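Asks: Below is data_24.txt; it holds compact mmCIF, C-alpha atoms.
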# COMPACT_ATOMS: atom_id res chain seq x y z
CA MET M 1 -5.04 2.92 23.97
CA GLU M 2 -6.66 5.41 26.31
CA TYR M 3 -6.02 9.12 26.05
CA ARG M 4 -4.39 9.35 29.46
CA TYR M 5 -1.75 6.82 28.44
CA ALA M 6 -1.28 8.18 24.91
CA ALA M 7 -0.86 11.76 26.15
CA ILE M 8 2.39 10.94 27.97
CA PRO M 9 4.45 9.91 24.91
CA ALA M 10 2.80 12.60 22.76
CA VAL M 11 3.80 15.37 25.17
CA ALA M 12 7.26 13.86 25.65
CA GLY M 13 7.82 13.74 21.88
CA GLY M 14 6.58 17.30 21.42
CA LEU M 15 8.93 18.58 24.08
CA MET M 16 11.85 16.66 22.58
CA LEU M 17 11.27 18.05 19.07
CA THR M 18 10.85 21.60 20.40
CA LEU M 19 14.05 21.42 22.44
CA LEU M 20 16.03 19.94 19.55
CA LEU M 21 14.89 22.70 17.19
CA TRP M 22 15.65 25.38 19.77
CA TRP M 23 19.12 23.88 20.23
CA ALA M 24 19.67 23.84 16.46
CA GLY M 25 18.62 27.48 16.20
CA ALA M 26 20.91 28.46 19.07
CA GLY M 27 23.80 26.78 17.24
CA ALA M 28 23.37 29.26 14.40
CA ASP M 29 25.14 31.90 16.53
CA ALA M 30 28.39 30.03 15.97
CA LEU M 31 28.20 30.91 12.27
CA GLN M 32 28.62 34.59 13.20
CA LEU M 33 32.06 34.01 14.72
CA ASP M 34 35.09 35.40 12.96
CA GLY M 35 36.71 32.82 10.75
CA ALA M 36 33.67 30.52 10.63
CA THR M 37 33.37 30.93 6.88
CA GLY M 38 37.06 30.23 6.37
CA VAL M 39 36.93 27.04 8.41
CA LEU M 40 33.70 25.66 7.02
CA GLY M 41 33.95 26.95 3.48
CA ILE M 42 31.63 29.30 1.67
CA GLU M 43 29.21 26.62 0.43
CA THR M 44 28.98 24.81 3.76
CA ASP M 45 28.50 28.07 5.64
CA ALA M 46 25.73 29.16 3.29
CA ALA M 47 24.00 25.77 3.56
CA LEU M 48 24.11 25.75 7.35
CA ARG M 49 22.74 29.27 7.48
CA SER M 50 19.76 28.32 5.31
CA TRP M 51 19.10 25.24 7.45
CA LEU M 52 19.46 26.76 10.92
CA TYR M 53 18.41 30.41 10.58
CA PRO M 54 14.66 29.67 10.41
CA TRP M 55 14.93 28.29 13.95
CA ALA M 56 17.28 30.93 15.38
CA TYR M 57 15.74 33.01 18.16
CA ASP M 58 18.27 35.81 17.78
CA PRO M 59 17.22 38.14 14.92
CA TYR M 60 20.83 39.02 14.17
CA ALA M 61 21.46 35.35 13.36
CA GLY M 62 18.12 34.85 11.65
CA ALA M 63 16.34 36.18 8.62
CA LEU M 64 17.20 39.77 9.68
CA ALA M 65 20.92 39.12 9.65
CA ASP M 66 21.69 42.43 7.96
CA GLY M 67 20.14 44.28 10.91
CA SER M 68 18.32 46.73 8.66
CA ALA M 69 15.01 46.33 10.45
CA VAL M 70 16.34 46.72 14.00
CA SER M 71 18.60 49.67 13.26
CA THR M 72 15.71 52.09 12.64
CA SER M 73 14.24 54.45 15.20
CA ASP M 74 11.54 51.96 16.12
CA GLY M 75 13.83 48.97 15.91
CA SER M 76 12.74 47.67 19.33
CA HIS M 77 9.25 47.20 17.93
CA TYR M 78 10.58 45.05 15.07
CA LEU M 79 12.77 43.13 17.50
CA GLY M 80 9.73 42.37 19.64
CA LEU M 81 7.84 41.16 16.57
CA HIS M 82 10.69 38.81 15.72
CA HIS M 83 10.76 37.38 19.23
CA THR M 84 6.98 36.97 19.13
CA ALA M 85 7.25 35.14 15.82
CA MET M 86 9.82 32.70 17.17
CA GLN M 87 7.81 32.11 20.34
CA ILE M 88 4.76 31.31 18.21
CA ARG M 89 6.90 29.02 16.05
CA PHE M 90 8.21 26.92 18.93
CA VAL M 91 4.85 26.73 20.68
CA ALA M 92 3.21 25.73 17.40
CA VAL M 93 5.78 22.96 16.88
CA PHE M 94 4.91 21.50 20.26
CA VAL M 95 1.14 21.82 19.77
CA PHE M 96 1.07 20.38 16.24
CA TYR M 97 3.37 17.48 17.07
CA ALA M 98 1.65 16.60 20.35
CA ALA M 99 -1.81 16.72 18.76
CA GLY M 100 -0.83 14.51 15.82
CA ALA M 101 1.22 12.15 17.97
CA LEU M 102 -1.71 11.72 20.36
CA LEU M 103 -3.87 10.46 17.51
CA LEU M 104 -1.13 8.28 16.01
CA VAL M 105 -0.08 6.75 19.32
CA ARG M 106 -3.68 5.84 20.13
CA ARG M 107 -4.40 4.30 16.75
CA ILE M 108 -0.93 2.84 16.04
CA PRO M 109 0.47 1.91 19.46
CA ALA M 110 4.14 0.98 19.41
CA GLU M 111 3.64 -2.61 20.53
CA ARG M 112 5.05 -5.76 19.02
CA GLY M 113 4.22 -5.86 15.32
CA ARG M 114 3.48 -2.12 15.17
CA VAL M 115 6.77 -0.49 16.14
CA ARG M 116 7.98 0.09 12.59
CA PRO M 117 4.79 1.73 11.23
CA ALA M 118 4.47 3.80 14.40
CA LEU M 119 8.07 5.03 14.07
CA LEU M 120 7.67 5.95 10.40
CA ALA M 121 4.36 7.73 11.00
CA LEU M 122 5.74 9.77 13.90
CA TRP M 123 8.85 10.65 11.90
CA ALA M 124 6.79 11.98 9.01
CA TRP M 125 4.46 13.79 11.36
CA GLY M 126 7.39 15.62 12.96
CA LEU M 127 8.22 17.06 9.55
CA VAL M 128 4.57 18.06 9.09
CA ALA M 129 4.44 19.73 12.50
CA GLY M 130 7.56 21.77 11.78
CA THR M 131 6.26 22.85 8.39
CA LEU M 132 2.93 23.97 9.80
CA ALA M 133 4.65 25.82 12.65
CA VAL M 134 6.87 27.73 10.21
CA THR M 135 3.83 28.62 8.11
CA VAL M 136 1.64 29.97 10.91
CA SER M 137 4.50 32.05 12.40
CA SER M 138 5.73 33.52 9.11
CA PRO M 139 3.34 36.54 9.11
CA TRP M 140 5.01 37.89 12.27
CA LEU M 141 8.44 37.49 10.69
CA ILE M 142 7.24 39.32 7.59
CA ALA M 143 5.99 42.17 9.78
CA ALA M 144 9.29 42.16 11.69
CA GLY M 145 11.07 42.80 8.40
CA GLY M 146 9.32 46.16 8.09
CA HIS M 147 7.40 45.40 4.88
CA GLY M 148 4.42 43.34 5.98
CA SER M 149 1.99 44.73 3.40
CA TYR M 150 4.32 44.54 0.39
CA ARG M 151 4.01 41.29 -1.62
CA PHE M 152 2.76 39.47 1.44
CA LEU M 153 1.83 36.18 -0.23
CA PRO M 154 5.16 35.74 -2.10
CA HIS M 155 7.03 36.44 1.14
CA LEU M 156 4.78 33.98 2.98
CA ALA M 157 5.50 31.29 0.39
CA GLY M 158 9.23 31.87 0.67
CA LEU M 159 9.40 31.81 4.46
CA SER M 160 7.04 28.87 4.92
CA SER M 161 9.23 26.66 2.71
CA SER M 162 12.35 27.20 4.85
CA GLY M 163 13.79 25.23 7.74
CA ARG M 164 12.73 21.77 6.53
CA THR M 165 16.14 20.20 6.05
CA VAL M 166 17.06 20.25 9.72
CA LEU M 167 13.59 18.92 10.55
CA VAL M 168 14.28 15.55 8.91
CA PRO M 169 16.94 14.23 11.33
CA LEU M 170 15.50 15.97 14.38
CA ALA M 171 12.00 14.63 13.70
CA LEU M 172 13.48 11.14 13.45
CA ALA M 173 15.13 11.57 16.86
CA ALA M 174 11.86 12.81 18.35
CA ALA M 175 9.99 9.86 16.82
CA VAL M 176 12.44 7.38 18.36
CA TRP M 177 11.99 9.03 21.74
CA THR M 178 8.19 8.98 21.40
CA VAL M 179 8.20 5.28 20.52
CA PHE M 180 10.46 4.54 23.48
CA VAL M 181 8.14 6.32 25.91
CA THR M 182 5.15 4.57 24.34
CA ARG M 183 6.79 1.19 24.85
CA LEU M 184 7.27 2.02 28.51
CA ALA M 185 3.63 3.05 28.83
CA LEU M 186 2.50 -0.21 27.18
CA LYS M 187 4.85 -2.43 29.18
CA HIS M 188 2.09 -4.17 31.13
CA ALA M 189 -0.81 -3.50 28.76
CA GLU M 190 -2.70 -6.08 26.80
CA PRO M 191 -2.21 -6.22 23.00
CA GLN M 192 -4.42 -3.71 21.26
CA PRO M 193 -7.04 -4.98 18.76
CA ARG M 194 -6.71 -4.55 15.03
CA GLY M 195 -9.37 -3.34 12.64
CA ASP M 196 -11.13 -6.12 10.76
CA VAL M 197 -11.08 -4.85 7.16
CA PRO M 198 -11.71 -7.16 4.20
CA ALA M 199 -8.85 -7.37 1.75
CA ARG M 200 -10.98 -6.31 -1.20
CA ALA M 201 -12.25 -3.20 0.56
CA ALA M 202 -8.70 -2.26 1.59
CA LEU M 203 -7.48 -2.63 -1.99
CA VAL M 204 -10.25 -0.42 -3.33
CA ALA M 205 -9.68 2.21 -0.63
CA ALA M 206 -5.93 2.29 -1.29
CA THR M 207 -6.55 2.69 -5.01
CA VAL M 208 -9.00 5.56 -4.46
CA GLY M 209 -6.62 7.36 -2.10
CA THR M 210 -3.68 6.94 -4.47
CA ALA M 211 -5.79 8.28 -7.34
CA VAL M 212 -6.41 11.44 -5.32
CA VAL M 213 -2.66 11.95 -4.85
CA ALA M 214 -2.08 11.18 -8.52
CA VAL M 215 -4.23 14.20 -9.43
CA SER M 216 -1.45 16.41 -8.10
CA VAL M 217 1.50 14.26 -9.17
CA VAL M 218 0.31 13.61 -12.72
CA VAL M 219 -2.19 16.34 -13.64
CA LEU M 220 -1.37 19.50 -11.70
CA SER M 221 2.39 18.92 -11.75
CA TYR M 222 2.54 18.94 -15.55
CA GLN M 223 4.53 21.96 -16.67
CA GLU M 224 1.72 23.71 -18.53
CA ASN M 225 -0.84 23.11 -15.78
CA ALA M 226 1.57 24.29 -13.09
CA ALA M 227 2.24 27.44 -15.11
CA ARG M 228 -1.50 28.11 -15.28
CA ILE M 229 -1.74 27.77 -11.50
CA GLN M 230 1.16 30.20 -11.19
CA THR M 231 -0.35 32.89 -13.40
CA ALA M 232 -4.12 32.31 -13.43
CA PHE M 233 -4.79 34.13 -10.16
CA THR M 234 -3.41 37.64 -9.84
CA GLY M 235 -5.30 38.89 -6.82
CA GLY M 236 -4.95 42.46 -5.70
CA GLY M 237 -3.65 44.58 -2.88
CA PHE M 238 -2.68 42.60 0.20
CA LEU M 239 -3.46 39.25 -1.49
CA SER M 240 -1.72 39.90 -4.80
CA GLU M 241 0.54 37.37 -6.55
CA PRO M 242 -0.71 34.17 -4.90
CA GLY M 243 0.89 31.95 -7.56
CA ASP M 244 3.90 30.83 -5.50
CA LEU M 245 1.76 29.94 -2.51
CA LEU M 246 -0.75 28.04 -4.64
CA ARG M 247 1.97 25.97 -6.30
CA GLN M 248 3.48 25.21 -2.91
CA TRP M 249 0.21 23.78 -1.60
CA LEU M 250 -1.14 22.17 -4.77
CA VAL M 251 1.80 20.74 -6.70
CA LEU M 252 3.67 17.65 -5.50
CA SER M 253 6.02 17.28 -8.45
CA ALA M 254 7.16 18.91 -11.71
CA TRP M 255 7.42 17.17 -15.05
CA SER M 256 7.12 17.67 -18.79
CA GLY M 257 7.45 15.57 -21.93
CA PRO M 258 10.73 14.09 -23.19
CA ALA M 259 11.25 17.22 -25.36
CA GLY M 260 13.61 15.50 -27.80
CA GLY M 261 15.88 13.98 -25.14
CA PRO M 262 16.54 10.29 -24.62
CA PHE M 263 13.32 8.57 -23.64
CA GLY M 264 15.17 6.27 -21.23
CA ASP M 265 16.53 9.22 -19.27
CA TRP M 266 13.07 10.72 -19.10
CA LEU M 267 11.66 7.47 -17.71
CA LEU M 268 14.49 7.33 -15.18
CA VAL M 269 13.55 10.76 -13.90
CA ARG M 270 9.88 9.74 -13.66
CA LEU M 271 10.87 6.74 -11.55
CA GLY M 272 10.73 8.93 -8.46
CA ASP M 273 7.09 9.86 -9.05
CA VAL M 274 6.21 6.20 -9.60
CA LEU M 275 7.91 5.36 -6.30
CA LEU M 276 5.94 8.13 -4.56
CA LEU M 277 2.62 6.71 -5.73
CA ALA M 278 3.74 3.17 -4.87
CA VAL M 279 4.62 4.18 -1.32
CA VAL M 280 1.25 5.89 -0.91
CA TRP M 281 -0.65 2.88 -2.24
CA CYS M 282 1.18 0.38 -0.04
CA ALA M 283 0.73 2.55 3.05
CA LEU M 284 -3.00 2.99 2.45
CA ARG M 285 -3.33 -0.74 1.76
CA TRP M 286 -1.70 -1.74 5.06
CA LEU M 287 -2.92 1.14 7.22
CA PRO M 288 -6.45 -0.18 8.02
CA GLY M 289 -4.97 -3.43 9.31
CA VAL M 290 -2.51 -1.61 11.56
CA LEU M 291 -4.96 0.81 13.16
CA THR M 292 -6.74 -0.19 16.34
CA ARG M 293 -9.87 1.39 14.88
CA VAL M 294 -10.40 2.69 11.37
CA SER M 295 -11.62 6.29 11.55
CA VAL M 296 -11.51 9.30 9.26
CA PRO M 297 -9.00 11.33 11.37
CA ALA M 298 -6.67 8.34 11.70
CA MET M 299 -6.81 7.57 7.98
CA ALA M 300 -6.22 11.24 7.12
CA ALA M 301 -3.19 11.52 9.42
CA GLY M 302 -1.81 8.23 8.18
CA ALA M 303 -2.21 9.28 4.55
CA VAL M 304 -0.41 12.58 5.19
CA CYS M 305 2.48 10.65 6.73
CA ALA M 306 2.47 8.26 3.77
CA VAL M 307 2.78 11.10 1.25
CA VAL M 308 5.62 12.69 3.25
CA LEU M 309 7.48 9.38 3.36
CA GLY M 310 6.90 8.97 -0.37
CA LEU M 311 8.41 12.41 -1.00
CA LEU M 312 11.50 11.50 1.03
CA ALA M 313 11.88 8.23 -0.87
CA ARG M 314 11.48 10.03 -4.21
CA HIS M 315 14.13 12.56 -3.27
CA LEU M 316 16.62 9.87 -2.29
CA VAL M 317 16.00 7.99 -5.55
CA ARG M 318 16.52 11.10 -7.62
CA VAL M 319 19.75 11.88 -5.82
CA ALA M 320 21.06 8.32 -6.15
CA VAL M 321 19.87 7.48 -9.67
CA VAL M 322 19.32 10.73 -11.55
CA ASP M 323 21.86 13.16 -10.14
CA GLY M 324 24.46 10.55 -9.22
CA SER M 325 26.77 13.15 -7.65
CA TRP M 326 28.22 11.84 -4.41
CA ASN M 327 30.87 14.52 -3.91
CA TYR M 328 30.69 17.05 -1.11
CA ARG M 329 28.88 19.70 -3.14
CA GLY M 330 26.36 17.16 -4.42
CA LEU M 331 25.57 15.96 -0.91
CA LEU M 332 24.97 19.53 0.26
CA GLN M 333 22.58 20.13 -2.60
CA ALA M 334 20.83 16.83 -1.95
CA ALA M 335 20.37 17.61 1.73
CA SER M 336 18.96 21.03 0.90
CA GLY M 337 16.09 19.40 -0.99
CA LEU M 338 14.89 17.25 1.91
CA GLY M 339 11.34 18.05 2.94
CA ASP M 340 10.29 19.69 -0.33
CA GLY M 341 6.59 19.30 -1.04
CA THR M 342 5.52 18.86 2.59
CA SER M 343 2.91 21.62 2.36
CA ALA M 344 1.23 19.94 -0.60
CA ALA M 345 1.52 16.60 1.18
CA VAL M 346 -0.61 17.96 4.03
CA LEU M 347 -3.40 18.94 1.63
CA TRP M 348 -3.39 15.95 -0.70
CA GLY M 349 -2.66 13.45 2.04
CA THR M 350 -5.67 14.67 3.99
CA LEU M 351 -7.90 14.40 0.92
CA ALA M 352 -6.54 10.92 0.13
CA GLY M 353 -7.08 9.69 3.68
CA VAL M 354 -10.63 11.01 3.81
CA ALA M 355 -11.41 9.43 0.43
CA ALA M 356 -9.97 6.08 1.55
CA ALA M 357 -11.89 6.16 4.83
CA LEU M 358 -15.16 6.99 3.08
CA THR M 359 -14.54 4.16 0.63
CA LEU M 360 -14.10 1.73 3.51
CA ARG M 361 -17.23 3.04 5.17
CA MET M 362 -19.31 2.74 2.03
CA SER M 363 -18.19 -0.85 1.69
CA GLY M 364 -20.22 -1.51 4.87
CA ARG M 365 -17.43 -3.47 6.55
CA GLY M 366 -14.51 -1.11 6.82
CA MET M 367 -15.40 0.25 10.22
CA ALA M 368 -15.99 -3.10 11.95
CA THR M 369 -13.68 -4.00 14.79
CA PRO M 370 -13.22 -7.31 16.55
CA GLY M 371 -16.07 -7.94 18.96
CA SER M 372 -18.17 -5.09 17.62
CA GLY M 373 -20.75 -7.39 16.12
CA GLY M 374 -20.44 -5.74 12.73
CA PRO M 375 -19.89 -7.49 9.45
CA GLY M 376 -16.63 -9.34 9.26
CA SER M 377 -16.36 -9.92 12.98
CA ALA M 378 -17.71 -12.73 15.17
CA ASP M 379 -19.29 -12.27 18.55
CA PRO M 380 -17.30 -14.31 21.08
CA GLY M 381 -20.47 -15.19 22.94
CA SER M 382 -22.47 -16.43 19.97
CA PRO M 383 -22.75 -20.17 19.30
CA VAL M 384 -20.45 -21.53 16.65
CA PRO M 385 -22.22 -24.12 14.48
CA GLY M 386 -20.43 -27.34 13.86
CA PRO M 387 -20.68 -29.79 10.99
CA ALA M 388 -23.85 -31.83 10.87
CA GLY M 389 -22.05 -35.09 10.44
CA ASP M 390 -19.33 -34.59 13.01
CA ALA M 391 -17.88 -37.82 14.34
CA GLY M 392 -19.15 -38.68 17.75
CA SER M 393 -22.25 -36.57 17.40
CA GLY M 394 -24.37 -39.52 16.32
CA GLY M 395 -25.83 -37.49 13.50
CA GLY M 396 -27.67 -35.36 16.07
CA PRO M 397 -27.61 -31.58 16.56
CA SER M 398 -24.26 -29.86 16.24
CA MET M 399 -22.19 -28.86 19.22
CA GLY M 400 -23.21 -25.50 20.60
CA ASN M 401 -26.75 -25.50 19.08
CA LEU M 402 -29.77 -26.27 21.20
CA PRO M 403 -31.63 -29.42 20.05
CA SER M 404 -35.01 -28.95 18.50
CA ALA M 405 -38.08 -31.12 18.35
CA ALA M 406 -36.90 -32.69 15.12
CA ASP M 407 -33.99 -34.23 17.00
CA GLY M 408 -36.23 -36.53 19.04
CA PRO M 409 -37.07 -36.54 22.75
CA LEU M 410 -34.43 -35.58 25.23
CA PRO M 411 -33.18 -38.17 27.73
CA TYR M 412 -34.27 -37.95 31.27
CA GLY M 413 -31.97 -37.39 34.12
CA SER M 414 -28.91 -35.35 34.96
CA VAL M 415 -26.87 -35.14 31.79
CA ASP M 416 -24.16 -32.73 30.72
CA ALA M 417 -25.97 -29.79 29.04
CA ARG M 418 -23.12 -29.28 26.58
CA ASP M 419 -23.81 -32.67 25.01
CA SER M 420 -27.63 -32.36 25.24
CA GLY M 421 -27.79 -35.95 26.49
CA HIS M 422 -25.67 -37.52 23.77
CA PRO M 423 -22.49 -39.42 24.63
CA ARG M 424 -19.21 -37.59 24.28
CA PRO M 425 -16.95 -38.53 21.38
CA GLY M 426 -15.11 -41.76 22.17
CA GLU M 427 -17.56 -42.90 24.86
CA GLN M 428 -19.93 -45.89 24.53
CA SER M 429 -23.48 -45.63 25.76
CA GLN M 430 -24.31 -48.18 28.44
CA PRO M 431 -27.53 -50.15 28.47
CA GLY M 432 -30.15 -48.45 30.51
CA GLU M 433 -28.50 -45.07 30.33
CA HIS M 434 -30.77 -43.76 27.59
CA PRO M 435 -34.28 -45.25 27.69
CA ARG M 436 -36.30 -45.66 24.57
CA PRO M 437 -39.23 -43.38 23.91
CA GLY M 438 -42.17 -44.31 26.11
CA GLU M 439 -40.07 -46.27 28.65
CA GLN M 440 -39.42 -45.26 32.22
CA PRO M 441 -35.85 -44.78 33.29
CA PRO M 442 -34.48 -47.50 35.51
CA LEU M 443 -34.49 -46.77 39.19
CA ARG M 444 -31.13 -46.43 40.90
Produce structure tokens that represent the structure in this file.

Replies:
Amino acid sequence: MEYRYAAIPAVAGGLMLTLLLWWAGAGADALQLDGATGVLGIETDAALRSWLYPWAYDPYAGALADGSAVSTSDGSHYLGLHHTAMQIRFVAVFVFYAAGALLLVRRIPAERGRVRPALLALWAWGLVAGTLAVTVSSPWLIAAGGHGSYRFLPHLAGLSSSGRTVLVPLALAAAVWTVFVTRLALKHAEPQPRGDVPARAALVAATVGTAVVAVSVVVLSYQENAARIQTAFTGGGFLSEPGDLLRQWLVLSAWSGPAGGPFGDWLLVRLGDVLLLAVVWCALRWLPGVLTRVSVPAMAAGAVCAVVLGLLARHLVRVAVVDGSWNYRGLLQAASGLGDGTSAAVLWGTLAGVAAALTLRMSGRGMATPGSGGPGSADPGSPVPGPAGDAGSGGGPSMGNLPSAADGPLPYGSVDARDSGHPRPGEQSQPGEHPRPGEQPPLR
């Protein structure tokens, strides 16, 4: 799919996600009305505030709800910083989503047979775009709070992990809209080609990529190793206490040994991590066959989306199987955990996708596409050899190959070049049609 056609749905999806997030942030003003807490309840009001405030443009309804920063003598300066931070956040959402959607729409066009993977990839990428936008705009919010140089990295880790719950449903809506616009753009287009990747190479690449993700899920997420990451680096001055930020970007899970508890319960809790790795492996196994062309950026973006989807699936399994609380309070707590681990998914998904793409490339056949002439693909214009003893061929040269001198002399006269002078299957040669060697053809 050409860039000019893929840019339309990418821009449309970016605008939709930006508008939906702006609308969600504007709705946070309603929580400031008198009696809102009494109507909604304390727990619901607190949950909605934590979901919507990171996207609220008004500082009084956002992170600076107490108004301490804007009530000082230079409060207008802090207010301007807050507005700048929110402007950067919304612009970054549009840029990150449009850039990723442009790549995904080109490589996974939403045509027949590809609608479901395209929808899932765009949904996960919407969550990634929102997370990255919150991260890059958080320094301005920290400065707007009046303490930009005090414990900067812990504050950055705390702010960059907020606002993900509301991203999940809104990113799904933006993905549906993007797929719809893509379908309109591809209404009269020809079906896009698929990458020709051998099954063995795809299996090896998926295994290598999943092993990269397992480094975080199994090794770094172990309680003792995660504690070392938390405390090993102390830093100093402006970059002091980086432990929280490092764990946010390096650790995809958290686990420890059974510790004397029932082993079956411990295995039940670990079921979510197994599901995460299974989702990643299946996605990397099927991804090369879905892409129009296997490339490193496409594999990296697809792997990031696969890890994000695996995290969502793990969270739902833990809520349904482990927690098992389906009351109102349990659902609020479950919804608050949606999107956890997205920052680490960006890092480890990128590494897994690059590793899988390099594995395919080293196999020598992973990058071949139909008609490219590479291994695993056939040139449509090349002759296709047929069986030597094909019926009707008279034991002569196969169809599509030029006869050689070993096949005997060619008949004289105007004969169909496709048959090289031999009768077509089902036809009988007439006397005089094919003279013997050394004889002259009969005159007509």

Asks: Distance table requested - stretch 249-364 of chain M against stretch 220-244 of chain M, cut-off 7 Å, only C-alpha atoms: one row per qualifying residue with the closest atom pair and its distance in Å to one decimal, ordered by chain and rising residue number, as JSON lines.

Replies:
{"residue": "M:Val251", "atom": "CA", "partner": "M:Ser221", "partner_atom": "CA", "distance": 5.4}
{"residue": "M:Leu252", "atom": "CA", "partner": "M:Ser221", "partner_atom": "CA", "distance": 6.5}
{"residue": "M:Ser253", "atom": "CA", "partner": "M:Ser221", "partner_atom": "CA", "distance": 5.2}
{"residue": "M:Ala254", "atom": "CA", "partner": "M:Ser221", "partner_atom": "CA", "distance": 4.8}
{"residue": "M:Trp255", "atom": "CA", "partner": "M:Tyr222", "partner_atom": "CA", "distance": 5.2}
{"residue": "M:Ser256", "atom": "CA", "partner": "M:Gln223", "partner_atom": "CA", "distance": 5.4}

Asks: Measure the distance from atom CA of M:Thr37 to atom CA of M:Ser162 in Å and round it to one decimal.

Replies: 21.4 Å

Asks: Return the single residue from M:Leu186, M:Ala175, M:Ala118, M:Leu33 that is closest to M:Glu2, with distances computed using all atoms listed in the file.

Replies: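 That would be M:Leu186, the residue with the smallest distance to M:Glu2.
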
Asks: Could you tell me how far atom CA of M:Gly209 sits from atom CA of M:Ala356, in Å to one decimal place?

Replies: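 These two atoms are separated by 5.1 Å.
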
Asks: Quick one, how far is atom CA of M:Ala30 from atom CA of M:Leu52?

Replies: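 Calculated distance between atom CA of M:Ala30 and atom CA of M:Leu52 is 10.8 Å.
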
Asks: Return the single residue from M:Leu17, M:Val294, M:Val304, M:Ala24 that is closest to M:Ala92, with distances computed using all atoms listed in the file.

Replies: M:Leu17

Asks: Which residue gives the smallest distance to M:Val204 among M:Leu311, M:Leu104, M:Val134, M:Cys282, with all atoms listed in the file counted?

Replies: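 Using all atoms listed in the file, the shortest distance to M:Val204 belongs to M:Cys282.
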
Asks: What lies within 10 Å of stretch 287-290 of chain M using all atoms listed in the file, ignoring chain neighbours under 4 positions off, as a CSV table (one decimal) with C-alpha atoms, in the coordinates of the input?

Replies:
chain,number,residue,atom,x,y,z
M,107,ARG,CA,-4.4,4.3,16.8
M,108,ILE,CA,-0.9,2.8,16.0
M,109,PRO,CA,0.5,1.9,19.5
M,113,GLY,CA,4.2,-5.9,15.3
M,114,ARG,CA,3.5,-2.1,15.2
M,117,PRO,CA,4.8,1.7,11.2
M,118,ALA,CA,4.5,3.8,14.4
M,193,PRO,CA,-7.0,-5.0,18.8
M,194,ARG,CA,-6.7,-4.6,15.0
M,195,GLY,CA,-9.4,-3.3,12.6
M,196,ASP,CA,-11.1,-6.1,10.8
M,197,VAL,CA,-11.1,-4.8,7.2
M,198,PRO,CA,-11.7,-7.2,4.2
M,199,ALA,CA,-8.8,-7.4,1.8
M,201,ALA,CA,-12.2,-3.2,0.6
M,202,ALA,CA,-8.7,-2.3,1.6
M,205,ALA,CA,-9.7,2.2,-0.6
M,206,ALA,CA,-5.9,2.3,-1.3
M,281,TRP,CA,-0.6,2.9,-2.2
M,282,CYS,CA,1.2,0.4,0.0
M,283,ALA,CA,0.7,2.6,3.0
M,294,VAL,CA,-10.4,2.7,11.4
M,295,SER,CA,-11.6,6.3,11.6
M,298,ALA,CA,-6.7,8.3,11.7
M,299,MET,CA,-6.8,7.6,8.0
M,302,GLY,CA,-1.8,8.2,8.2
M,303,ALA,CA,-2.2,9.3,4.6
M,306,ALA,CA,2.5,8.3,3.8
M,356,ALA,CA,-10.0,6.1,1.6
M,357,ALA,CA,-11.9,6.2,4.8
M,360,LEU,CA,-14.1,1.7,3.5
M,366,GLY,CA,-14.5,-1.1,6.8
M,367,MET,CA,-15.4,0.2,10.2

Asks: I need the residue nearest M:Thr210 from this list: M:Leu351, M:Ser160, M:Trp51, M:Leu102. Use all atoms listed in the file for the distance.

Replies: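 Nearest candidate to M:Thr210 out of M:Leu351, M:Ser160, M:Trp51, M:Leu102: M:Leu351.
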
Asks: Mind checking which residues fall within 7 Å of stretch 167-172 of chain M, counting all atoms listed in the file, ignoring those fewer than 2 positions away in the same chain, and posting them as a ChimeraX atom specification?

Replies: /M:17,20,123,126-127,130,163-165,174-176

Asks: Hey, which of M:Leu275, M:Leu103, M:Arg285, M:Leu332 ends up closest to M:Leu309? Count only C-alpha atoms.

Replies: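 Closest to M:Leu309, using only C-alpha atoms: M:Leu275.
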
Asks: Of the candidates M:Arg106, M:Arg314, M:Arg270, M:Arg183, which one gets nearest to M:Leu291 if we count only C-alpha atoms?

Replies: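 Result for the nearest residue to M:Leu291: M:Arg106.
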